[in-house]
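Below you'll find the structure, written out as structure tokens, and then a few comments.
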Amino acid sequence: MTANRAFLIVMDSVGIGGAPDAHRFFNDERPDTGANTVGHIAQAQALRLPNLDRLGLGAAIRLASGLEAPGLGMPPQGLWGAATEISAGKDTPSGHWEIAGVPVPWEWHYFPRTVPAFPDRVTARICALAGTDGILANCHASGTQVIEDFGARHIRSGWPICYTSVDSVLQIAAHEQHFGLDRLIALCEGLAPMLHEMRVGRVIARPFLGERPGDFTRTPNRRDFAIPPPADTILDIAAAAGRVTHAVGKIGDIFSHRGIARSHKGMSDADLARHLLRLAGEAEPGSLTFANLVEFDTNFGHRRDIPGYASQLEWFDAVAGRLIASAGPGDLLLFTADHGNDPSWHGTDHTRERVPVLGFGVGPRAVGTVGFSDIGASVMDHLGLPAPQHGKSFL
């Protein structure tokens with residue numbers, strides 16, 4: 001068994017523009033053509049990303065979209081390229097599954113922008129599982145705004161707050177104490193099989209605390225119940241070969257906890273970065289560490305916060321520098337993303353974009369425009385393992 005280790009790090013929503021099918025994806029009924037998360041942030045304000053740019057971030061943006069991002073122009077010293085998605089979605093499961101070698105083979109089900117958003121049979125199932133006479137919200141909503149709007153009524157009535165978004169998802173918010181955390185998780189777990197049969201990607205438990213509007217805050221005890229991937233991913237292949245697999249952040253939820261030996265969670269991306277830095281020193285020979293850092297997306301992309309997104313990028317660039325400094329012989333670090341979420345764009349949805357592929361540990365290398373699945377195939381190649389069904393190594 002090779003002693004090589006692989007660290008695959010998804011910077012959630014850090015797209016670089018140029019998706020050839022962006023015209024087929026929409027925000028506020030307008031196409032995503034021209035969206036460019038990192039490129040537009042760099043145009044809006046100065047970005048200092050010396051570590052990622054040294055690997056080839058600026059070059060990857062030029063390759064993906066033709067945009068010359070101000071301040072991102074270092075000659076690449078690492079592995080660099082841009083990846084294009086083929087799955088018919090710009091969501092978290094689609095991006096991660098395809099990176100792991102399993103493009104999504106179906107069309108996801110999305111709930112309409114109507115009130116109510118959910119069909120009667122779904123509402124009836126929620127009520128039966130929750131033991132309530134009704135549900136609250138039943139609409140498209142922001143996760144933070146919906147608890148402000150319905151949290152007090154939820155505490156009074158005991159009815160769960162049920163909402164969706166432009167993603168293929170049904171989310172249920174409930175108070176950890178008044179409703180009960182275990183009860184909320186059991187409700188979502190019981191509902192998930194019905195939603196998965198409908199090709200809804202995830203049912204998410206969203207617990208919160210507080211007693212009145214203005215005080216309500218979501219807690220870190222979120223749980224996702226996702227459809228399992230329909231074929232073996234790089235995690236399954238590595239686990240079957242006896243390799244230790246580490247899931248950092250929400251990777252376990254995205255892959256239905258399949259093929260994962262150890263899961264490392266935290267309340268913030270800062271916590272997850274500490275896990276990554278620890279694993280850089282502790283992860284076993286031959287192991288695979290697969291990480292997702294979500295706050296680019298949740299805290300700044302959806303909220304269209306350009307300065308906040310820029311600060312998060314600069315914070316992570318420093319983390320990437322520490323990871324590079326911690327890498328040992330035989331280590332491969334790959335930094336990529338699962339979709340875009342351009343904070344300069346109209347609407348609040350993800351944006352269809354190509355994503356960066358930046359690597360350390362195999363020397364300078366321009367890999368060109370590759371597929372999402374080629375990322376997973378390359379990780380398997382580095383670990384001396386068979387590739388998944390889709391993808392070709394660029395190593």
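Labels for the structure tokens follow display order: chains A, B, ..., residues from 1 in each chain, ligands from 1.
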
>> Give me, as a PyMOL selection string, the residues of range 18-259 of chain A that a backbone DSSP run labels strand (DSSP E or B).
In response: chain A and resi 26-27+30-31+79-84+136-140+161-164+169-175+202-209+217-218+223-226+245-248

>> When you look at Ala226 in chain A with a cut-off of 9 Å (counting only C-alpha atoms), what residues show up, excluding the ones that are within fewer than 3 positions of it in the same chain? I need them as a ChimeraX atom specification.
In response: /A:93,192,196,200-204,229,253-256

> Distance CA of Arg24 in chain A-CA of Asn138 in chain A, one decimal place?
Replying inline: 27.2 Å

> Neighbours of Gly301 in chain A within 8 Å (only C-alpha atoms; same-chain residues fewer than 4 positions away dropped), as a PyMOL selection string?
Replying inline: chain A and resi 13+296-297+305-306+309+341-343+348+350

Those same residues - C-alpha atoms - I'd like them written as an mmCIF file, in the first residue's frame.
data_model
loop_
_atom_site.group_PDB
_atom_site.id
_atom_site.type_symbol
_atom_site.label_atom_id
_atom_site.label_comp_id
_atom_site.auth_asym_id
_atom_site.auth_seq_id
_atom_site.Cartn_x
_atom_site.Cartn_y
_atom_site.Cartn_z
ATOM 1 C CA SER A 13 -19.223 28.019 -3.944
ATOM 2 C CA PHE A 296 -18.176 31.128 1.703
ATOM 3 C CA ASP A 297 -21.596 29.987 0.502
ATOM 4 C CA ASP A 305 -21.960 40.122 0.729
ATOM 5 C CA ILE A 306 -18.910 40.987 -1.395
ATOM 6 C CA TYR A 309 -16.813 36.872 0.906
ATOM 7 C CA ASN A 341 -22.347 31.786 -5.684
ATOM 8 C CA ASP A 342 -21.376 35.143 -7.148
ATOM 9 C CA PRO A 343 -22.081 37.790 -4.463
ATOM 10 C CA THR A 348 -29.716 34.757 -4.061
ATOM 11 C CA HIS A 350 -25.979 29.501 -6.539
#

> Quick one: of A:Glu211, A:Glu148, A:Asp269, A:Glu189, who's nearest to Glu176 in chain A, counting only C-alpha atoms?
Replying inline: A:Glu211

>> Using DSSP assignments from the backbone, pull out every residue in range 124-347 of chain A that falls under helix (DSSP H, G or I) and give it to me as JSON, numbers by chain.
In response: {"A": [124, 125, 126, 127, 128, 129, 130, 143, 144, 145, 146, 147, 148, 149, 150, 151, 152, 153, 154, 155, 156, 157, 176, 177, 178, 179, 180, 181, 182, 183, 184, 185, 186, 187, 188, 189, 190, 191, 192, 193, 194, 195, 196, 197, 234, 235, 236, 237, 238, 239, 240, 251, 252, 253, 254, 269, 270, 271, 272, 273, 274, 275, 276, 277, 278, 279, 280, 281, 282, 295, 296, 297, 298, 299, 300, 301, 306, 307, 308, 309, 310, 311, 312, 313, 314, 315, 316, 317, 318, 319, 320, 321, 322, 323, 324, 325, 326]}

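Shell of range 376-392 of chain A at 7 Å, with only C-alpha atoms counted and residues fewer than 6 places along the chain excluded, is Thr2, Asn4, Arg5, Ala6, Ile99, Ala100, Gly101, Val102, Asp232, Thr233, Ile234 and Gly286 of chain A.
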
>> From the options A:Leu277, A:Ala261, A:Val146, A:Ile237, which residue's atoms come nearest to Ser165 in chain A, counting only C-alpha atoms?
In response: A:Val146

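Using only C-alpha atoms, the smallest distance between any of A:Ser65, A:Thr144, A:Thr336, A:Ser168 and Phe208 in chain A comes from A:Thr144.
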
Which residues of range 255-335 of chain A come within 12 Å of range 47-57 of chain A, and what is each one's closest atom pair and distance in Å (one decimal), counting only C-alpha atoms, sorted by chain and residue number, as a Markdown table?
| residue | atom | partner | partner_atom | distance |
| --- | --- | --- | --- | --- |
| A:Ile306 | CA | A:Leu47 | CA | 11.1 |
| A:Pro307 | CA | A:Leu47 | CA | 10.0 |
| A:Gly308 | CA | A:Leu47 | CA | 11.8 |
| A:Tyr309 | CA | A:Leu47 | CA | 10.4 |
| A:Ala310 | CA | A:Leu47 | CA | 6.7 |
| A:Ser311 | CA | A:Leu47 | CA | 8.5 |
| A:Gln312 | CA | A:Leu47 | CA | 10.6 |
| A:Leu313 | CA | A:Leu49 | CA | 7.4 |
| A:Glu314 | CA | A:Leu49 | CA | 5.8 |
| A:Trp315 | CA | A:Leu49 | CA | 8.9 |
| A:Phe316 | CA | A:Leu49 | CA | 8.7 |
| A:Asp317 | CA | A:Leu49 | CA | 5.6 |
| A:Ala318 | CA | A:Asn51 | CA | 7.2 |
| A:Val319 | CA | A:Asn51 | CA | 9.1 |
| A:Ala320 | CA | A:Asn51 | CA | 6.7 |
| A:Gly321 | CA | A:Asn51 | CA | 5.6 |
| A:Arg322 | CA | A:Asn51 | CA | 9.4 |
| A:Leu323 | CA | A:Asn51 | CA | 10.2 |
| A:Ile324 | CA | A:Asn51 | CA | 8.6 |
| A:Ala325 | CA | A:Asn51 | CA | 10.5 |
| A:Leu333 | CA | A:Leu55 | CA | 10.8 |
| A:Leu334 | CA | A:Leu55 | CA | 10.2 |
| A:Phe335 | CA | A:Leu52 | CA | 8.7 |

Export of prior selection with C-alpha atoms as a compact mmCIF listing (two decimals), in the first residue's frame:
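After the write, part.txt holds the following:
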# COMPACT_ATOMS: atom_id res chain seq x y z
CA ILE A 306 -18.91 40.99 -1.40
CA PRO A 307 -16.68 42.33 1.44
CA GLY A 308 -17.56 39.38 3.67
CA TYR A 309 -16.81 36.87 0.91
CA ALA A 310 -13.51 38.63 0.18
CA SER A 311 -12.51 38.43 3.86
CA GLN A 312 -13.37 34.74 3.97
CA LEU A 313 -11.23 34.08 0.90
CA GLU A 314 -8.29 35.90 2.45
CA TRP A 315 -8.74 34.03 5.73
CA PHE A 316 -8.77 30.71 3.90
CA ASP A 317 -5.74 31.64 1.82
CA ALA A 318 -3.77 31.86 5.08
CA VAL A 319 -5.14 28.43 6.08
CA ALA A 320 -4.07 27.04 2.70
CA GLY A 321 -0.57 28.43 3.28
CA ARG A 322 -0.36 26.62 6.63
CA LEU A 323 -1.60 23.38 5.06
CA ILE A 324 1.02 23.65 2.31
CA ALA A 325 3.72 24.25 4.92
CA LEU A 333 -3.44 18.81 -1.54
CA LEU A 334 -6.24 19.62 -4.00
CA PHE A 335 -8.35 22.76 -3.60

> Contacts of Val122 in chain A at 10 Å or less, counting only C-alpha atoms, minus same-chain residues fewer than 5 places along, as a ChimeraX atom specification?
Replying inline: /A:127-128,191,194-195
